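Asker: I have a structure I would like to understand better, so I am pasting it below and will then ask my questions one at a time.
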Amino acid sequence: MASLPPRGLVPPLLWGLSLFLSLPGPIWLQPSPSPQSSPPTELHPCHTCRGLVDSFNKGLERTIRDNFGGGNTAWEEEKLSKYKDSETRLVEVLESVCSKSDFECHRLLELSEELVESWWFHKQQEAPDLFQWLCSDSLKLCCPSGTFGPSCLPCPGGAEKPCGGHGRCEGEGTRGGSGHCDCQAGYGGEACGQCGLGYFEAERNASHLVCSACFGPCARCSGPEESNCLQCKKGWALHHLKCVDIDECGTERASCGSNQFCVNTEGSYECRDCAKACLGCMGAGPGRCKKCSPGYQQVGSKCLDVDECETEVCPGENEQCENTEGSYRCVCAEGYKQMEGVCVKEQIPGWKLGCRQMK
């Protein structure tokens, strides 16, 4: 690693770094998308910088642990003080700060190595927090907790308690993101300061909100009981502060096919196929048909299969009739097989051979 750069090198380095970050590059260097865009799968550069600093701090712990046994001798204390802020120790830490496969970490380290050296030799006393000094103040990749975006604006609900403590502020801690609150289940509003659909305020004061679930079909309610409903979910109707299931099958709300029937369910309905015997039906089974399908006949209240084999329907020689559900088929009689559309007698295996032997 090169020795400490001349005094005039760091400002040009910062200018070159800011120019590089402004150019089109890999996804991790691009601005965060608008809330309408699909969420990026790649990490924001702030997260890369944070990972680099965390690895650097672990390296500091490791180099002290590996090089000294923890004794109290004057020799060890003198040796430790010389090693603590030495270039040798910095080199050892930087050599293993990025894993071999972490391309973003290596790229960021290459861009910021001179800055890390400057902090190591000159800034540690006045700026002991490397993450704050490098990632936020120098590279401007990160923001303080509870803030977001290029100007590090407070998240909805305030920087101290972003999204009211009930959601995630999109882009929090980075120079990107929209600041939009992605609220936890049961919470809603711009800063997650309201109860969402199907939840009610169980507790609330100036700084605290607890939302609990309403009774199943209630969309809005004043409490957890069945009789606390104020508004019902789709498929339910409010009746004396209770949500009663709507039977869509008895109204025009149900829309089923011509050969289907409606079955009411809690809050909705299902369309099920009529029996094979039916052409249109009012329910399940052959006893609920509006009309009988071809191959079936009305017997009492049911549509039953017609046995076509009771009449002569298979005219072919050596054919016989087999009745099927709603129809029939013609097959060759026992001892015959079909060849080229006609039923011929099956040859007994070895019959010809046996005849020759007898001759």
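Residue numbering restarts at 1 in every chain; chains get A, B, ... in the order shown in the structure tokens, and ligands count up from 1 in that same order.
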Residues of range 235-257 of chain A within 12 Å of range 208-227 of chain A: nearest atom pair and distance (Å, one decimal) for each, counting only C-alpha atoms, sorted by chain and number, as JSON lines?

Answerer:
```
{"residue": "A:Gly235", "atom": "CA", "partner": "A:Pro217", "partner_atom": "CA", "distance": 8.7}
{"residue": "A:Trp236", "atom": "CA", "partner": "A:Pro217", "partner_atom": "CA", "distance": 6.9}
{"residue": "A:Ala237", "atom": "CA", "partner": "A:Pro217", "partner_atom": "CA", "distance": 9.3}
{"residue": "A:Leu238", "atom": "CA", "partner": "A:Cys218", "partner_atom": "CA", "distance": 8.8}
{"residue": "A:His239", "atom": "CA", "partner": "A:Ser227", "partner_atom": "CA", "distance": 9.4}
{"residue": "A:His240", "atom": "CA", "partner": "A:Ser227", "partner_atom": "CA", "distance": 7.7}
{"residue": "A:Leu241", "atom": "CA", "partner": "A:Ser227", "partner_atom": "CA", "distance": 5.1}
{"residue": "A:Lys242", "atom": "CA", "partner": "A:Ser227", "partner_atom": "CA", "distance": 5.0}
{"residue": "A:Cys243", "atom": "CA", "partner": "A:Pro217", "partner_atom": "CA", "distance": 6.3}
{"residue": "A:Val244", "atom": "CA", "partner": "A:Pro217", "partner_atom": "CA", "distance": 8.4}
{"residue": "A:Asp245", "atom": "CA", "partner": "A:Pro217", "partner_atom": "CA", "distance": 8.6}
{"residue": "A:Ile246", "atom": "CA", "partner": "A:Pro217", "partner_atom": "CA", "distance": 11.4}
```

Asker: Separation of CA of Cys181 in chain A and CA of Gly167 in chain A, in Å?

Answerer: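 These atoms are spaced 6.0 Å apart.
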
Asker: Among range 114-161 of chain A, which residues carry a DSSP assignment of strand (DSSP E or B), reported as a list in words?

Answerer: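 Put together, the selection reads Cys142, Thr147, Phe148, Leu153 and Pro154 of chain A.
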
Asker: What lies within 12 Å of Gln297 in chain A using only C-alpha atoms, ignoring chain neighbours under 6 positions off, as a list in words?

Answerer: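 Those residues are Ala277, Cys278, Leu279, Pro286, Gly287, Cys289, Lys290, Lys291, Cys303, Leu304, Asp305, Val306, Asp307, Glu308, Glu325, Gly326 and Ser327 of chain A.
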
Asker: Got a sec: who's within 9 Å of range 160-166 of chain A, counting only C-alpha atoms, leaving out chain neighbours fewer than 6 positions off, as a PyMOL selection string?

Answerer: chain A and resi 145-147+154+172+180-185+187-188+190-193+207-209

Asker: Output N, CA, C and O atoms for every residue in the selection just made, as a short mmCIF file (atom, residue, chain, number, x, y, z; two decimals), in the first residue's frame.

Answerer:
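Below is the file that was written, out-v2.cif:
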```cif
data_model
loop_
_atom_site.label_atom_id
_atom_site.label_comp_id
_atom_site.auth_asym_id
_atom_site.auth_seq_id
_atom_site.Cartn_x
_atom_site.Cartn_y
_atom_site.Cartn_z
N SER A 145 -29.60 7.76 11.06
CA SER A 145 -30.78 6.93 11.26
C SER A 145 -32.02 7.82 11.35
O SER A 145 -32.01 8.89 11.94
N GLY A 146 -33.10 7.36 10.71
CA GLY A 146 -34.35 8.11 10.75
C GLY A 146 -34.49 9.16 9.67
O GLY A 146 -35.48 9.88 9.63
N THR A 147 -33.49 9.26 8.78
CA THR A 147 -33.54 10.22 7.68
C THR A 147 -33.26 9.50 6.36
O THR A 147 -32.80 8.37 6.35
N PRO A 154 -35.95 14.09 7.38
CA PRO A 154 -36.54 13.17 8.36
C PRO A 154 -37.61 12.29 7.72
O PRO A 154 -38.37 12.73 6.87
N GLU A 172 -34.39 4.71 4.45
CA GLU A 172 -33.85 5.24 5.72
C GLU A 172 -32.36 4.93 5.86
O GLU A 172 -31.92 3.82 5.61
N HIS A 180 -41.19 6.85 1.84
CA HIS A 180 -42.55 6.32 2.03
C HIS A 180 -42.52 5.25 3.13
O HIS A 180 -41.62 4.42 3.19
N CYS A 181 -43.55 5.27 4.00
CA CYS A 181 -43.63 4.30 5.08
C CYS A 181 -44.33 3.03 4.62
O CYS A 181 -45.46 3.08 4.13
N ASP A 182 -43.67 1.91 4.76
CA ASP A 182 -44.26 0.60 4.51
C ASP A 182 -44.72 0.07 5.87
O ASP A 182 -43.91 -0.43 6.66
N CYS A 183 -46.00 0.24 6.17
CA CYS A 183 -46.52 -0.01 7.51
C CYS A 183 -46.68 -1.51 7.79
O CYS A 183 -46.94 -2.30 6.89
N GLN A 184 -46.56 -1.85 9.05
CA GLN A 184 -46.81 -3.22 9.50
C GLN A 184 -48.30 -3.53 9.39
O GLN A 184 -49.13 -2.62 9.29
N ALA A 185 -48.64 -4.81 9.41
CA ALA A 185 -50.04 -5.23 9.34
C ALA A 185 -50.82 -4.59 10.47
O ALA A 185 -50.40 -4.60 11.63
N TYR A 187 -51.60 -1.32 10.59
CA TYR A 187 -51.31 0.11 10.69
C TYR A 187 -51.35 0.74 9.31
O TYR A 187 -51.09 0.09 8.30
N GLY A 188 -51.68 2.03 9.25
CA GLY A 188 -51.76 2.73 7.98
C GLY A 188 -51.57 4.22 8.18
O GLY A 188 -51.21 4.69 9.26
N GLU A 190 -49.89 8.04 6.48
CA GLU A 190 -48.60 8.48 5.97
C GLU A 190 -47.45 8.08 6.87
O GLU A 190 -46.38 7.68 6.41
N ALA A 191 -47.65 8.17 8.18
CA ALA A 191 -46.59 7.83 9.14
C ALA A 191 -46.98 6.63 9.99
O ALA A 191 -46.49 6.46 11.10
N CYS A 192 -47.86 5.76 9.46
CA CYS A 192 -48.32 4.56 10.17
C CYS A 192 -48.94 4.93 11.53
O CYS A 192 -48.83 4.18 12.50
N GLY A 193 -49.58 6.11 11.58
CA GLY A 193 -50.17 6.60 12.82
C GLY A 193 -51.65 6.34 12.94
O GLY A 193 -52.31 6.91 13.81
N SER A 207 -47.81 9.50 22.19
CA SER A 207 -46.64 8.90 21.54
C SER A 207 -46.77 7.40 21.29
O SER A 207 -45.83 6.76 20.84
N HIS A 208 -47.95 6.85 21.57
CA HIS A 208 -48.06 5.39 21.55
C HIS A 208 -49.39 4.99 20.91
O HIS A 208 -50.44 5.57 21.20
N LEU A 209 -49.35 4.00 20.02
CA LEU A 209 -50.55 3.49 19.36
C LEU A 209 -50.45 1.97 19.26
O LEU A 209 -49.43 1.42 18.84
#
```

Asker: Looking only at helix (DSSP H, G or I) from DSSP on the backbone, list the matching residues of range 277-324 of chain A as a PyMOL selection string.

Answerer: chain A and resi 286-288+308-310

Asker: Filtering to C-alpha atoms, could you give me those residues as a PDB file, in the first residue's frame?

Answerer:
```pdb
ATOM      1  CA  PRO A 286     -78.967 -35.901 -11.060  1.00  0.00           C
ATOM      2  CA  GLY A 287     -82.049 -35.013  -9.013  1.00  0.00           C
ATOM      3  CA  ARG A 288     -81.501 -31.243  -9.418  1.00  0.00           C
ATOM      4  CA  GLU A 308     -79.009 -48.082 -25.420  1.00  0.00           C
ATOM      5  CA  CYS A 309     -77.980 -51.756 -25.509  1.00  0.00           C
ATOM      6  CA  GLU A 310     -81.599 -52.784 -24.887  1.00  0.00           C
TER       7      GLU A 310
END
```

Asker: Please, what distance in Å, to one decimal, runs between CA of Asn264 in chain A and CA of Gly250 in chain A?

Answerer: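 These two atoms are separated by 8.9 Å.
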
Asker: Can you list, as a short mmCIF file (atom, residue, chain, number, x, y, z; two decimals) with N, CA and C atoms, in the first residue's frame, every protein, DNA or RNA residue that comes within 8 Å of range 314-318 of chain A when you count only C-alpha atoms, leaving out same-chain residues fewer than 5 positions away?

Answerer:
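File produced: part_26.cif:
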```cif
data_model
loop_
_atom_site.label_atom_id
_atom_site.label_comp_id
_atom_site.auth_asym_id
_atom_site.auth_seq_id
_atom_site.Cartn_x
_atom_site.Cartn_y
_atom_site.Cartn_z
N CYS A 330 -69.67 -50.07 -29.22
CA CYS A 330 -69.71 -51.39 -29.85
C CYS A 330 -68.33 -52.02 -29.81
N CYS A 332 -65.95 -55.94 -30.07
CA CYS A 332 -65.97 -57.28 -30.63
C CYS A 332 -66.37 -58.30 -29.56
N ALA A 333 -67.11 -59.27 -29.98
CA ALA A 333 -67.53 -60.34 -29.06
C ALA A 333 -66.31 -61.12 -28.57
N TYR A 336 -63.03 -62.58 -30.52
CA TYR A 336 -62.83 -61.83 -31.77
C TYR A 336 -62.05 -60.55 -31.46
N VAL A 342 -63.42 -54.45 -38.86
CA VAL A 342 -64.32 -55.60 -38.71
C VAL A 342 -63.79 -56.52 -37.62
N CYS A 343 -64.68 -57.30 -37.04
CA CYS A 343 -64.28 -58.23 -35.98
C CYS A 343 -63.95 -59.59 -36.60
N VAL A 344 -62.72 -60.06 -36.40
CA VAL A 344 -62.28 -61.35 -36.94
C VAL A 344 -61.89 -62.26 -35.79
#
```

Asker: Pick from A:Gly157, A:Trp120, A:Thr265, A:Asp247: nearest to Gln194 in chain A, with only C-alpha atoms counted?

Answerer: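 Smallest separation from Gln194 in chain A among the options: A:Gly157.
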